[in-house]
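Enquirer: Just so it is clear, I am handing over structure11.txt, which has compact mmCIF, C-alpha atoms.
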# COMPACT_ATOMS: atom_id res chain seq x y z
CA MET L 67 -0.28 85.84 27.94
CA SER L 68 -0.67 89.21 29.56
CA GLU L 69 -4.14 90.50 30.16
CA ALA L 70 -5.41 94.02 30.20
CA THR L 71 -6.11 95.03 33.78
CA ASP L 72 -9.70 95.84 32.91
CA THR L 73 -10.51 92.32 31.73
CA PRO L 74 -13.43 91.21 33.88
CA VAL L 75 -12.62 88.21 36.07
CA LEU L 76 -15.94 86.71 35.13
CA ARG L 77 -17.94 87.48 32.01
CA ALA L 78 -21.11 86.08 30.52
CA ARG L 79 -22.38 86.85 27.05
CA ALA L 80 -25.92 86.09 25.82
CA LEU L 81 -26.03 83.20 28.25
CA ARG L 82 -29.00 80.84 27.87
CA LYS L 83 -30.23 77.66 29.50
CA GLU L 84 -33.32 75.88 28.25
CA TYR L 85 -35.10 72.78 29.48
CA GLY L 86 -37.69 70.71 27.64
CA LYS L 87 -39.00 71.09 24.10
CA GLY L 88 -41.89 72.56 22.13
CA GLU L 89 -44.82 73.54 24.33
CA GLY L 90 -42.91 72.51 27.46
CA LEU L 91 -39.84 74.63 26.69
CA VAL L 92 -38.60 76.53 29.75
CA ARG L 93 -36.11 79.34 29.30
CA ALA L 94 -34.52 79.26 32.76
CA VAL L 95 -31.78 81.69 31.73
CA ASP L 96 -32.67 83.82 28.75
CA GLY L 97 -29.87 86.01 27.42
CA VAL L 98 -27.80 87.22 30.37
CA ASP L 99 -24.81 89.55 29.95
CA LEU L 100 -22.62 90.06 32.99
CA ASP L 101 -19.18 91.51 33.72
CA VAL L 102 -17.67 91.10 37.18
CA SER L 103 -14.45 93.01 37.86
CA ALA L 104 -11.70 91.87 40.21
CA GLY L 105 -12.55 92.60 43.83
CA GLU L 106 -16.15 93.39 43.05
CA THR L 107 -19.18 92.02 44.90
CA VAL L 108 -22.20 91.48 42.67
CA ALA L 109 -25.58 90.40 44.00
CA ILE L 110 -28.34 88.81 41.92
CA MET L 111 -31.81 89.06 43.40
CA GLY L 112 -35.12 87.76 42.25
CA PRO L 113 -38.12 85.66 43.19
CA SER L 114 -37.72 81.90 43.38
CA GLY L 115 -37.90 80.36 39.94
CA CYS L 116 -36.45 83.44 38.19
CA GLY L 117 -33.39 81.45 37.11
CA LYS L 118 -30.81 82.91 39.46
CA SER L 119 -29.52 79.60 40.82
CA THR L 120 -29.34 78.14 37.31
CA LEU L 121 -27.34 81.19 36.25
CA LEU L 122 -24.91 80.64 39.12
CA HIS L 123 -24.47 77.00 38.07
CA LEU L 124 -23.69 78.09 34.50
CA LEU L 125 -21.17 80.68 35.72
CA GLY L 126 -19.40 78.12 37.89
CA GLY L 127 -19.32 75.30 35.37
CA LEU L 128 -21.69 73.08 37.35
CA ASP L 129 -24.03 73.07 34.37
CA ARG L 130 -23.54 73.68 30.66
CA PRO L 131 -25.37 76.51 28.87
CA SER L 132 -27.69 75.99 25.88
CA GLY L 133 -26.13 79.04 24.29
CA GLY L 134 -23.82 81.97 24.89
CA GLU L 135 -20.41 82.17 26.52
CA VAL L 136 -18.79 82.20 29.96
CA LEU L 137 -15.27 83.62 30.25
CA LEU L 138 -12.99 83.38 33.25
CA ASN L 139 -10.13 85.89 33.12
CA GLY L 140 -10.84 86.32 29.41
CA ARG L 141 -10.76 82.56 28.66
CA ARG L 142 -13.79 80.63 27.38
CA VAL L 143 -14.80 78.02 29.94
CA ASP L 144 -18.32 77.00 28.84
CA ASN L 145 -16.93 74.63 26.18
CA LEU L 146 -14.16 72.98 28.22
CA SER L 147 -13.84 69.21 28.43
CA GLU L 148 -15.22 67.53 31.54
CA LYS L 149 -11.69 67.04 32.84
CA ALA L 150 -10.66 70.68 32.32
CA LEU L 151 -13.96 71.80 33.81
CA SER L 152 -13.49 69.83 37.01
CA ARG L 153 -9.94 71.21 37.29
CA MET L 154 -11.38 74.72 36.97
CA ARG L 155 -13.99 73.99 39.65
CA ARG L 156 -11.22 72.81 41.98
CA ALA L 157 -8.76 75.61 41.32
CA ASP L 158 -10.46 78.79 40.17
CA ILE L 159 -14.02 78.85 41.45
CA SER L 160 -15.50 78.16 44.85
CA TYR L 161 -19.03 77.74 46.10
CA VAL L 162 -20.80 78.65 49.28
CA PHE L 163 -24.18 76.97 49.62
CA GLN L 164 -27.24 77.69 51.71
CA SER L 165 -26.90 74.38 53.50
CA PHE L 166 -23.09 74.70 54.03
CA HIS L 167 -22.38 71.18 52.66
CA LEU L 168 -19.89 70.45 55.42
CA MET L 169 -18.85 66.88 56.21
CA GLU L 170 -20.44 66.23 59.60
CA GLU L 171 -17.89 63.60 60.67
CA LEU L 172 -14.90 65.87 59.98
CA THR L 173 -13.72 68.71 62.25
CA ALA L 174 -13.76 72.31 61.05
CA VAL L 175 -10.08 72.29 60.10
CA GLU L 176 -10.42 68.92 58.33
CA ASN L 177 -13.31 70.27 56.29
CA VAL L 178 -11.27 73.30 55.29
CA GLU L 179 -8.07 71.41 54.33
CA LEU L 180 -9.90 68.82 52.27
CA SER L 181 -9.79 70.63 48.94
CA ALA L 182 -6.10 71.47 49.33
CA LEU L 183 -5.38 67.79 50.03
CA MET L 184 -7.40 66.79 46.98
CA ALA L 185 -5.43 69.30 44.89
CA GLY L 186 -2.25 67.45 45.94
CA HIS L 187 -0.82 69.77 48.59
CA SER L 188 1.16 68.17 51.42
CA PRO L 189 -0.85 67.43 54.58
CA ARG L 190 1.38 69.77 56.55
CA ALA L 191 0.93 72.69 54.12
CA ALA L 192 -2.81 72.04 53.82
CA ARG L 193 -3.24 72.02 57.60
CA ARG L 194 -1.24 75.22 58.03
CA ARG L 195 -3.29 77.04 55.40
CA ALA L 196 -6.56 75.77 56.87
CA GLU L 197 -5.60 76.90 60.39
CA GLU L 198 -4.62 80.30 59.00
CA LEU L 199 -7.97 80.72 57.27
CA LEU L 200 -9.99 79.70 60.32
CA ASP L 201 -7.89 82.13 62.32
CA GLN L 202 -8.64 84.96 59.87
CA LEU L 203 -12.33 84.14 59.96
CA GLY L 204 -12.42 84.32 63.74
CA LEU L 205 -12.66 80.58 64.42
CA ALA L 206 -9.17 79.97 65.82
CA GLY L 207 -10.40 78.28 69.00
CA ARG L 208 -12.88 76.08 67.16
CA SER L 209 -10.81 74.38 64.50
CA ARG L 210 -11.13 70.97 66.23
CA PHE L 211 -14.92 71.25 66.63
CA LEU L 212 -17.32 69.13 64.62
CA PRO L 213 -19.84 71.13 62.58
CA SER L 214 -22.64 69.98 64.90
CA ALA L 215 -20.94 71.81 67.78
CA LEU L 216 -20.90 75.12 65.88
CA SER L 217 -23.60 77.76 65.47
CA GLY L 218 -25.17 78.40 62.04
CA GLY L 219 -23.05 81.50 61.50
CA GLN L 220 -19.87 79.64 62.51
CA ARG L 221 -20.67 76.76 60.16
CA GLN L 222 -21.09 79.22 57.32
CA ARG L 223 -17.70 80.69 58.28
CA VAL L 224 -16.14 77.23 58.00
CA ALA L 225 -17.80 76.80 54.61
CA VAL L 226 -16.35 80.14 53.50
CA ALA L 227 -12.89 79.22 54.83
CA ARG L 228 -13.12 76.03 52.75
CA ALA L 229 -14.19 78.08 49.73
CA LEU L 230 -11.15 80.33 50.11
CA SER L 231 -8.62 77.56 50.70
CA ASN L 232 -7.64 77.25 47.05
CA GLN L 233 -7.46 81.04 46.58
CA PRO L 234 -10.18 81.08 43.93
CA LEU L 235 -10.61 83.83 41.34
CA VAL L 236 -14.30 84.00 42.18
CA VAL L 237 -16.48 82.84 45.06
CA LEU L 238 -20.06 82.04 44.06
CA ALA L 239 -22.57 82.05 46.90
CA ASP L 240 -26.06 80.58 46.58
CA GLU L 241 -28.47 81.91 49.25
CA PRO L 242 -25.71 82.05 51.90
CA THR L 243 -28.14 83.20 54.61
CA GLY L 244 -31.09 81.07 53.58
CA ASN L 245 -31.01 78.83 56.65
CA LEU L 246 -29.80 81.30 59.24
CA ASP L 247 -31.52 83.23 62.00
CA SER L 248 -31.11 86.98 62.24
CA ALA L 249 -28.02 86.97 64.51
CA ALA L 250 -26.23 84.44 62.30
CA THR L 251 -27.23 86.45 59.23
CA LEU L 252 -25.48 89.47 60.74
CA ASP L 253 -22.41 87.29 61.25
CA VAL L 254 -22.43 86.28 57.58
CA LEU L 255 -22.97 89.90 56.50
CA GLN L 256 -19.89 90.84 58.49
CA LEU L 257 -18.02 88.01 56.84
CA PHE L 258 -18.91 89.10 53.31
CA ASN L 259 -17.89 92.64 54.19
CA GLU L 260 -14.52 91.29 55.33
CA LEU L 261 -14.08 89.25 52.12
CA HIS L 262 -14.92 92.34 50.10
CA GLU L 263 -12.35 94.44 51.93
CA TYR L 264 -9.84 91.64 51.45
CA GLY L 265 -10.40 92.02 47.68
CA GLN L 266 -12.17 88.72 47.02
CA THR L 267 -14.38 88.73 43.91
CA LEU L 268 -17.86 87.58 44.87
CA VAL L 269 -21.11 86.75 43.10
CA ILE L 270 -24.02 86.24 45.48
CA VAL L 271 -27.44 84.93 44.54
CA THR L 272 -30.00 85.78 47.21
CA HIS L 273 -33.52 86.82 48.02
CA ASP L 274 -32.28 88.47 51.22
CA ALA L 275 -32.13 92.25 50.74
CA ARG L 276 -29.63 92.51 53.58
CA ILE L 277 -27.08 90.38 51.75
CA ALA L 278 -27.79 92.16 48.46
CA ALA L 279 -27.15 95.48 50.17
CA THR L 280 -23.53 94.49 50.91
CA ALA L 281 -22.82 94.35 47.16
CA ASP L 282 -21.31 97.00 44.90
CA ARG L 283 -23.90 96.23 42.24
CA MET L 284 -27.21 94.45 42.36
CA PHE L 285 -29.11 92.89 39.46
CA SER L 286 -32.82 92.13 39.61
CA MET L 287 -33.65 88.97 37.74
CA ARG L 288 -37.07 88.00 36.43
CA ASP L 289 -38.04 85.25 34.01
CA GLY L 290 -34.45 84.40 33.20
CA THR L 291 -33.19 87.90 32.41
CA PHE L 292 -31.79 90.93 34.23
CA VAL L 293 -34.42 93.64 34.35
CA ASP L 294 -32.65 96.19 36.50
CA GLU L 295 -29.15 97.07 37.65
CA THR L 296 -28.48 99.09 40.80
CA ARG L 297 -25.11 100.55 41.72
CA LEU L 298 -25.14 100.64 45.50
CA THR L 299 -21.81 102.32 46.10
CA GLY L 300 -22.77 105.66 44.53
CA GLY L 301 -23.52 108.65 46.76
CA THR L 302 -25.20 108.17 50.09
CA THR L 303 -28.76 109.16 50.67
CA GLY L 304 -28.13 111.75 53.33
CA LYS L 305 -27.67 111.65 57.05
CA LEU L 306 -28.38 108.40 58.86
CA GLY L 307 -30.39 110.26 61.49
CA ALA L 308 -33.05 111.00 58.89
CA LEU L 309 -33.81 107.27 58.82
CA VAL L 310 -35.15 107.44 62.37
CA GLY L 311 -36.74 110.86 62.21
CA LEU L 312 -33.82 112.76 63.73
CA GLY L 313 -32.53 115.99 62.21
CA ASP L 314 -34.19 117.68 59.28
CA MET A 275 -36.02 116.43 69.17
CA GLN A 276 -39.26 115.83 71.00
CA GLN A 277 -39.59 117.68 74.30
CA GLU A 278 -40.55 114.56 76.24
CA VAL A 279 -37.40 112.79 75.10
CA VAL A 280 -35.19 115.56 76.41
CA LEU A 281 -37.15 115.59 79.63
CA ALA A 282 -36.92 111.82 80.10
CA MET A 283 -33.19 111.78 79.43
CA LEU A 284 -32.82 114.13 82.42
CA ALA A 285 -34.97 111.96 84.71
CA LYS A 286 -32.04 109.93 86.05
CA GLU A 287 -30.34 112.84 87.80
CA PRO A 288 -29.88 116.62 87.52
CA SER A 289 -27.42 117.22 84.69
CA TYR A 290 -25.54 119.82 82.72
CA GLY A 291 -26.56 120.31 79.11
CA TYR A 292 -23.34 118.71 77.91
CA GLN A 293 -24.04 115.61 80.02
CA LEU A 294 -27.45 115.34 78.39
CA ARG A 295 -25.86 115.61 74.96
CA ALA A 296 -23.30 112.91 75.84
CA ARG A 297 -26.14 110.59 76.92
CA LEU A 298 -27.94 111.17 73.63
CA ARG A 299 -24.74 110.59 71.65
CA ASP A 300 -24.18 107.32 73.48
CA ALA A 301 -27.75 106.17 72.80
CA LEU A 302 -27.86 107.19 69.14
CA GLY A 303 -24.31 106.69 67.88
CA PRO A 304 -23.93 107.74 64.24
CA LEU A 305 -27.68 108.36 64.02
CA GLY A 306 -27.22 111.27 66.39
CA ASP A 307 -24.90 113.13 64.02
CA ALA A 308 -27.90 115.03 62.70
CA MET A 309 -28.60 116.29 66.22
CA ASN A 310 -28.18 120.01 66.61
CA ALA A 311 -26.75 121.16 69.95
CA GLY A 312 -28.44 124.57 69.56
CA GLN A 313 -31.85 122.94 69.21
CA ILE A 314 -31.35 120.99 72.41
CA TYR A 315 -30.61 124.16 74.35
CA VAL A 316 -33.66 125.83 72.80
CA THR A 317 -35.75 122.86 73.98
CA LEU A 318 -34.23 123.06 77.47
CA THR A 319 -35.12 126.74 77.69
CA ARG A 320 -38.71 126.01 76.59
CA LEU A 321 -39.08 123.21 79.12
CA GLU A 322 -37.75 125.53 81.80
CA LYS A 323 -40.26 128.25 80.86
CA ALA A 324 -43.08 125.68 80.88
CA GLY A 325 -42.18 124.79 84.46
CA LEU A 326 -41.20 121.22 83.59
CA LEU A 327 -37.52 121.78 84.31
CA ALA A 328 -35.74 123.77 86.98
CA ALA A 329 -32.34 125.18 86.06
CA GLU A 330 -29.69 125.95 88.63
CA LYS A 331 -26.77 128.18 87.82
CA SER A 332 -23.41 126.54 88.25
CA ALA A 333 -21.04 127.49 91.07
CA ASP A 334 -19.31 130.20 89.03
CA GLY A 335 -22.63 131.99 88.60
CA ALA A 336 -22.58 132.14 84.80
CA ASP A 337 -26.07 132.34 83.24
CA ARG A 338 -25.28 130.48 79.99
CA SER A 339 -27.49 127.52 79.20
CA ASP A 340 -24.48 125.18 78.90
CA ARG A 341 -23.40 126.07 82.43
CA LYS A 342 -26.69 125.30 84.12
CA VAL A 343 -27.74 122.15 85.93
CA TYR A 344 -31.20 120.98 84.81
CA ALA A 345 -33.54 118.97 87.02
CA LEU A 346 -37.13 117.79 86.57
CA THR A 347 -39.83 119.60 88.52
CA PRO A 348 -42.71 117.48 89.95
CA LYS A 349 -44.74 118.61 86.89
CA GLY A 350 -41.89 117.43 84.67
CA GLN A 351 -41.82 114.04 86.40
CA GLN A 352 -45.58 113.74 85.89
CA ARG A 353 -45.18 114.48 82.15
CA VAL A 354 -42.41 111.87 81.78
CA ALA A 355 -44.54 109.23 83.55
CA GLU A 356 -47.41 109.93 81.13
CA TRP A 357 -45.09 109.79 78.15
CA ILE A 358 -43.63 106.44 79.22
CA ALA A 359 -47.17 105.01 79.44
CA GLU A 360 -48.17 106.30 75.98
CA VAL A 361 -48.42 103.88 73.04
CA SER A 362 -47.99 106.34 70.18
CA TRP A 363 -45.99 104.97 67.28
CA PRO A 364 -44.71 106.53 64.07
CA ARG A 365 -46.98 105.80 61.14
CA PRO A 366 -45.30 105.05 57.83
CA ASP A 367 -46.97 106.94 55.02
CA LEU A 368 -47.54 104.12 52.57
CA ALA A 369 -50.65 105.67 51.05
CA GLU A 370 -48.57 108.30 49.26
CA PHE A 371 -46.51 105.74 47.35
CA HIS A 372 -49.55 103.57 46.72
CA LEU A 373 -51.39 106.51 45.16
CA LYS A 374 -48.30 107.48 43.20
CA LEU A 375 -48.38 104.09 41.48
CA ILE A 376 -52.08 104.32 40.76
CA ALA A 377 -51.79 107.85 39.38
CA ALA A 378 -48.72 106.95 37.31
CA ALA A 379 -50.53 104.01 35.74
CA SER A 380 -53.96 105.56 35.19
CA ALA A 381 -52.70 108.84 33.71
CA GLY A 382 -49.86 107.18 31.84
CA LEU A 383 -47.33 109.37 33.69
CA ALA A 384 -44.85 106.54 34.14
CA ASP A 385 -44.59 102.76 34.16
CA PRO A 386 -45.48 101.81 37.75
CA ILE A 387 -42.93 99.00 37.66
CA ALA A 388 -40.21 101.48 36.75
CA VAL A 389 -41.35 103.64 39.67
CA VAL A 390 -41.06 100.60 41.96
CA ASP A 391 -37.58 99.84 40.60
CA THR A 392 -36.39 103.40 41.24
CA GLN A 393 -37.81 103.30 44.75
CA ARG A 394 -36.15 99.96 45.42
CA ARG A 395 -32.77 101.34 44.38
CA GLU A 396 -33.15 104.16 46.91
CA LEU A 397 -34.21 101.82 49.73
CA LEU A 398 -31.38 99.38 48.99
CA ARG A 399 -28.87 102.22 49.26
CA ARG A 400 -30.38 103.23 52.58
CA LEU A 401 -30.24 99.62 53.72
CA ARG A 402 -26.60 99.46 52.75
CA ASP A 403 -25.83 102.67 54.68
CA ALA A 404 -27.69 101.50 57.78
CA GLN A 405 -26.13 98.07 57.63
CA ARG A 406 -22.60 99.37 57.25
CA ALA A 407 -23.18 101.69 60.20
CA ALA A 408 -24.53 98.75 62.24
CA LEU A 409 -21.53 96.58 61.43
CA ALA A 410 -19.16 99.41 62.37
CA GLU A 411 -20.65 99.74 65.86
CA PRO A 412 -18.69 98.21 68.74
CA GLU A 413 -20.14 95.23 70.59
CA HIS A 414 -22.97 96.00 73.04
CA SER A 415 -23.50 99.40 71.45
CA LYS A 416 -26.91 100.92 72.13
CA ALA A 417 -26.96 102.52 68.70
CA ALA A 418 -26.59 99.09 67.03
CA LEU A 419 -30.02 98.13 68.33
CA LEU A 420 -31.53 101.27 66.84
CA LEU A 421 -29.81 100.57 63.52
CA GLU A 422 -31.22 97.04 63.62
CA GLY A 423 -34.67 98.62 63.81
CA VAL A 424 -33.89 100.77 60.77
CA VAL A 425 -32.70 97.70 58.86
CA LEU A 426 -35.80 95.66 59.74
CA ARG A 427 -38.15 98.44 58.65
CA LEU A 428 -36.32 98.86 55.36
CA GLN A 429 -36.58 95.12 54.80
CA ALA A 430 -40.33 95.31 55.40
CA ASP A 431 -40.61 98.22 52.96
CA LEU A 432 -38.59 96.31 50.35
CA ARG A 433 -40.94 93.34 50.75
CA TRP A 434 -43.91 95.57 50.21
CA LEU A 435 -42.26 96.91 47.03
CA GLU A 436 -41.98 93.29 45.88
CA ALA A 437 -45.72 92.90 46.44
CA CYS A 438 -46.36 96.15 44.52
CA GLU A 439 -44.24 94.90 41.66
CA LYS A 440 -46.03 91.57 41.52
CA ASN A 441 -49.40 93.26 41.55
CA TRP A 442 -48.55 95.72 38.77
CA THR A 443 -46.85 93.08 36.64
CA HIS A 444 -50.00 91.02 36.98
CA ARG A 445 -52.27 93.93 36.01
CA ARG A 446 -50.13 94.80 33.00
CA SER A 447 -50.14 91.28 31.65
CA GLY A 448 -53.84 90.95 32.45
CA SER A 449 -54.87 94.04 30.48
Would you mind writing the file's structure down as structure tokens?

Expert:
Amino acid sequence: MSEATDTPVLRARALRKEYGKGEGLVRAVDGVDLDVSAGETVAIMGPSGCGKSTLLHLLGGLDRPSGGEVLLNGRRVDNLSEKALSRMRRADISYVFQSFHLMEELTAVENVELSALMAGHSPRAARRRAEELLDQLGLAGRSRFLPSALSGGQRQRVAVARALSNQPLVVLADEPTGNLDSAATLDVLQLFNELHEYGQTLVIVTHDARIAATADRMFSMRDGTFVDETRLTGGTTGKLGALVGLGD
Amino acid sequence: MQQEVVLAMLAKEPSYGYQLRARLRDALGPLGDAMNAGQIYVTLTRLEKAGLLAAEKSADGADRSDRKVYALTPKGQQRVAEWIAEVSWPRPDLAEFHLKLIAAASAGLADPIAVVDTQRRELLRRLRDAQRAALAEPEHSKAALLLEGVVLRLQADLRWLEACEKNWTHRRSGS
């Protein structure tokens, strides 16, 4: 099946997630529409409890919606069987979490090659790909290090290398800088910029304005819905010097 | 550019105008693009007239400001020492935006939350610009530190906008 080039990689329509019943009903996600094009970085910002993490789980098939649709490359995925869903999570979608979720007893390269091994690639091919990725992400000399011997920024780089190892259609990141100090945050910002330039499609949920500012578009989420959309790539705001009181 | 800054940048050693400009470029990186060379020479001339700088013509005797060597006079050194000891600091004008929200709401000129949203969009674009510039700076760049300051201030402003939004959402639902 050939797809029109303008088919969004990821699309949500009237997406809803509810918990509880009657008086106790909580609309965590309440009618979200979203189109993410190939190579685009989209950030979703909002206060804690606004439903942004739940939304990310619905988009990535970690949780099933109460209503609405999720489409990946034009194909419905919200109603897949458990088996098809777990295949999709292995092959097409990757996650980057706030807390990295690295295996502490495995080295960096072993963490990265794990998903390729689980997908049935040969150990040799999986290792080669993992080394390549760590190399690209600036961790060539550290592939044999355990996570505990790496800085916060480096651990997040390993987590991103692992996320990229199956060449996913979309990377979903949940508060990727939540646990990092300011220097490590800068490192992750640099990393997301690199991924963006490399053409990776990214959806980032964050309350960190610095991460949101790396995106092409930013959605503000409140009470389960998008209340504002900002295109960040449009015209600049004038000379940089004006930001520090230089020039006119 | 403030006169004291120009003066202080010459405190290290007597310099040509172009050497001063190179020092400023190195310190400011892309933030210095807005700097106007003409203005710097105007400032140099003023400082010279005020007796804070002494200008020496270059060996070829030309009297153009870009061919002179500028050095601090004792009075100039005194002024720089005072300036270094000062604790003045730029004051952000938050009252203007605060009053804008109050006026918008009380006179029904606009929804204050929409005003906050529009402002946030502008600040996020500035944050993006500053951040991209910071990431493009080479390692150990002096300008990167200045850009970090810009980024941190914008973050603080964005947090304040969040507080504004919360407050006005609360008032709207309370009324």

Enquirer: Considering all atoms listed in the file, extract the chain L residues located within 6 Å of chain A and return them as a list in words.

Expert: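 Applying the cut-off to the listed atoms yields Ala279, Leu298, Leu306, Gly307 and Gly313 of chain L.
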
Enquirer: For atom CA of L:Pro213 and atom CA of L:Leu172, determine how far apart the two atoms are, in Å to one decimal place.

Expert: 7.7 Å

Enquirer: With 12 Å as the threshold, what does the neighbourhood of (-19.8, 73.0, 65.2) contain in terms of residues, counting all atoms listed in the file? Coordinates are those of the file; answer as a PyMOL selection string.

Expert: chain L and resi 166+168-175+177+205+207-225

Enquirer: For the residues in the current selection, export C-alpha atoms as a JSON list (two decimals), in the coordinates of the input.

Expert:
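Generated output (result-v1.json):
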[["chain", "number", "residue", "atom", "x", "y", "z"],
["L", 166, "PHE", "CA", -23.09, 74.70, 54.03],
["L", 168, "LEU", "CA", -19.89, 70.45, 55.42],
["L", 169, "MET", "CA", -18.85, 66.88, 56.21],
["L", 170, "GLU", "CA", -20.44, 66.23, 59.60],
["L", 171, "GLU", "CA", -17.89, 63.60, 60.67],
["L", 172, "LEU", "CA", -14.90, 65.87, 59.98],
["L", 173, "THR", "CA", -13.72, 68.71, 62.25],
["L", 174, "ALA", "CA", -13.76, 72.31, 61.05],
["L", 175, "VAL", "CA", -10.08, 72.29, 60.10],
["L", 177, "ASN", "CA", -13.31, 70.27, 56.29],
["L", 205, "LEU", "CA", -12.66, 80.58, 64.42],
["L", 207, "GLY", "CA", -10.40, 78.28, 69.00],
["L", 208, "ARG", "CA", -12.88, 76.08, 67.16],
["L", 209, "SER", "CA", -10.81, 74.38, 64.50],
["L", 210, "ARG", "CA", -11.13, 70.97, 66.23],
["L", 211, "PHE", "CA", -14.92, 71.25, 66.63],
["L", 212, "LEU", "CA", -17.32, 69.13, 64.62],
["L", 213, "PRO", "CA", -19.84, 71.13, 62.58],
["L", 214, "SER", "CA", -22.64, 69.98, 64.90],
["L", 215, "ALA", "CA", -20.94, 71.81, 67.78],
["L", 216, "LEU", "CA", -20.90, 75.12, 65.88],
["L", 217, "SER", "CA", -23.60, 77.76, 65.47],
["L", 218, "GLY", "CA", -25.17, 78.40, 62.04],
["L", 219, "GLY", "CA", -23.05, 81.50, 61.50],
["L", 220, "GLN", "CA", -19.87, 79.64, 62.51],
["L", 221, "ARG", "CA", -20.67, 76.76, 60.16],
["L", 222, "GLN", "CA", -21.09, 79.22, 57.32],
["L", 223, "ARG", "CA", -17.70, 80.69, 58.28],
["L", 224, "VAL", "CA", -16.14, 77.23, 58.00],
["L", 225, "ALA", "CA", -17.80, 76.80, 54.61]]

Enquirer: Residues at most 12 Å from L:Phe292, counting all atoms listed in the file, excluding those fewer than 5 positions away in the same chain, as a list in words?

Expert: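 Answer for this query is Ala80, Leu81, Val95, Asp96, Gly97, Val98, Asp99, Leu100, Ala109, Ile110, Met111, Gly112, Cys116, Gly117, Lys118, Leu121, Met284, Phe285, Ser286 and Met287 of chain L.
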
Enquirer: Have a look at atom CA of L:Asp247 and atom CA of L:Gln164 and let me know their distance in Å, one decimal.

Expert: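 Separation between atom CA of L:Asp247 and atom CA of L:Gln164: 12.4 Å.
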
Enquirer: Using only C-alpha atoms, pick whichever of L:Ser165, L:Thr280, L:Asn145, L:Ser231 has the shortest atom-to-atom distance to L:Ala191.

Expert: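 Smallest separation from L:Ala191 among the options: L:Ser231.
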
Enquirer: Mind giving me the straight-line distance from atom CA of A:Pro386 to atom CA of A:Lys374 in Å, one decimal?

Expert: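 Distance between the two atoms: 8.4 Å.
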
Enquirer: Between A:Leu281, A:Ala311, A:Leu346, A:Ala384, which has the minimum distance to A:Arg295 (counting all atoms listed in the file)?

Expert: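 Answer, going by the shortest atom-to-atom distance: A:Ala311.
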
Enquirer: Would you kindly identify which residues have an atom no farther than 12 Å from (-26.2, 116.6, 81.9), using all atoms listed in the file and the file's own coordinates, and write them out as a ChimeraX atom specification?

Expert: /A:280-299,314-315,318,329,339-346

Enquirer: For L:Leu151, work out the shell of residues within 12 Å, counting all atoms listed in the file and skipping chain neighbours fewer than 3 positions away, then give it as a list of chain:residue names.

Expert: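 Result of the neighbour search: L:Leu124, L:Leu125, L:Gly126, L:Gly127, L:Leu128, L:Asp129, L:Arg130, L:Leu138, L:Arg142, L:Val143, L:Asp144, L:Asn145, L:Leu146, L:Ser147, L:Glu148, L:Met154, L:Arg155, L:Arg156, L:Ala157, L:Asp158, L:Ile159.
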
Enquirer: Which residue, A:Ser447, A:Ser415, A:Asn441, A:Gln277, has the smallest gap to A:His372 when you use only C-alpha atoms?

Expert: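 That would be A:Asn441, the residue with the smallest distance to A:His372.
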
Enquirer: Excluding L:Ser160 and its own-chain neighbours fewer than 3 positions away, which residues fall within 9 Å of it when counting all atoms listed in the file? Please give them as JSON, numbers by chain.

Expert: {"L": [126, 155, 156, 157, 226, 228, 229, 230, 232, 233, 234, 235, 236, 237, 238, 239]}

Enquirer: Create the file for the chosen residues now, containing C-alpha atoms and written as a PDB file, in the frame of the given file.

Expert:
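Everything below was put into part19.pdb:
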ATOM      1  CA  GLY L 126     -19.400  78.120  37.890  1.00  0.00           C
ATOM      2  CA  ARG L 155     -13.990  73.990  39.650  1.00  0.00           C
ATOM      3  CA  ARG L 156     -11.220  72.810  41.980  1.00  0.00           C
ATOM      4  CA  ALA L 157      -8.760  75.610  41.320  1.00  0.00           C
ATOM      5  CA  VAL L 226     -16.350  80.140  53.500  1.00  0.00           C
ATOM      6  CA  ARG L 228     -13.120  76.030  52.750  1.00  0.00           C
ATOM      7  CA  ALA L 229     -14.190  78.080  49.730  1.00  0.00           C
ATOM      8  CA  LEU L 230     -11.150  80.330  50.110  1.00  0.00           C
ATOM      9  CA  ASN L 232      -7.640  77.250  47.050  1.00  0.00           C
ATOM     10  CA  GLN L 233      -7.460  81.040  46.580  1.00  0.00           C
ATOM     11  CA  PRO L 234     -10.180  81.080  43.930  1.00  0.00           C
ATOM     12  CA  LEU L 235     -10.610  83.830  41.340  1.00  0.00           C
ATOM     13  CA  VAL L 236     -14.300  84.000  42.180  1.00  0.00           C
ATOM     14  CA  VAL L 237     -16.480  82.840  45.060  1.00  0.00           C
ATOM     15  CA  LEU L 238     -20.060  82.040  44.060  1.00  0.00           C
ATOM     16  CA  ALA L 239     -22.570  82.050  46.900  1.00  0.00           C
TER      17      ALA L 239
END

Enquirer: Could you give me, as a CSV table (one decimal) with C-alpha atoms, in the frame of the given file, the residues within 12 Å of L:Tyr264, counting all atoms listed in the file and dropping anything in the same chain fewer than 3 positions from it?

Expert:
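Final output, saved to around_39.csv:
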chain,number,residue,atom,x,y,z
L,104,ALA,CA,-11.7,91.9,40.2
L,105,GLY,CA,-12.6,92.6,43.8
L,106,GLU,CA,-16.2,93.4,43.0
L,107,THR,CA,-19.2,92.0,44.9
L,202,GLN,CA,-8.6,85.0,59.9
L,203,LEU,CA,-12.3,84.1,60.0
L,230,LEU,CA,-11.2,80.3,50.1
L,233,GLN,CA,-7.5,81.0,46.6
L,257,LEU,CA,-18.0,88.0,56.8
L,258,PHE,CA,-18.9,89.1,53.3
L,259,ASN,CA,-17.9,92.6,54.2
L,260,GLU,CA,-14.5,91.3,55.3
L,261,LEU,CA,-14.1,89.2,52.1
L,267,THR,CA,-14.4,88.7,43.9
L,268,LEU,CA,-17.9,87.6,44.9
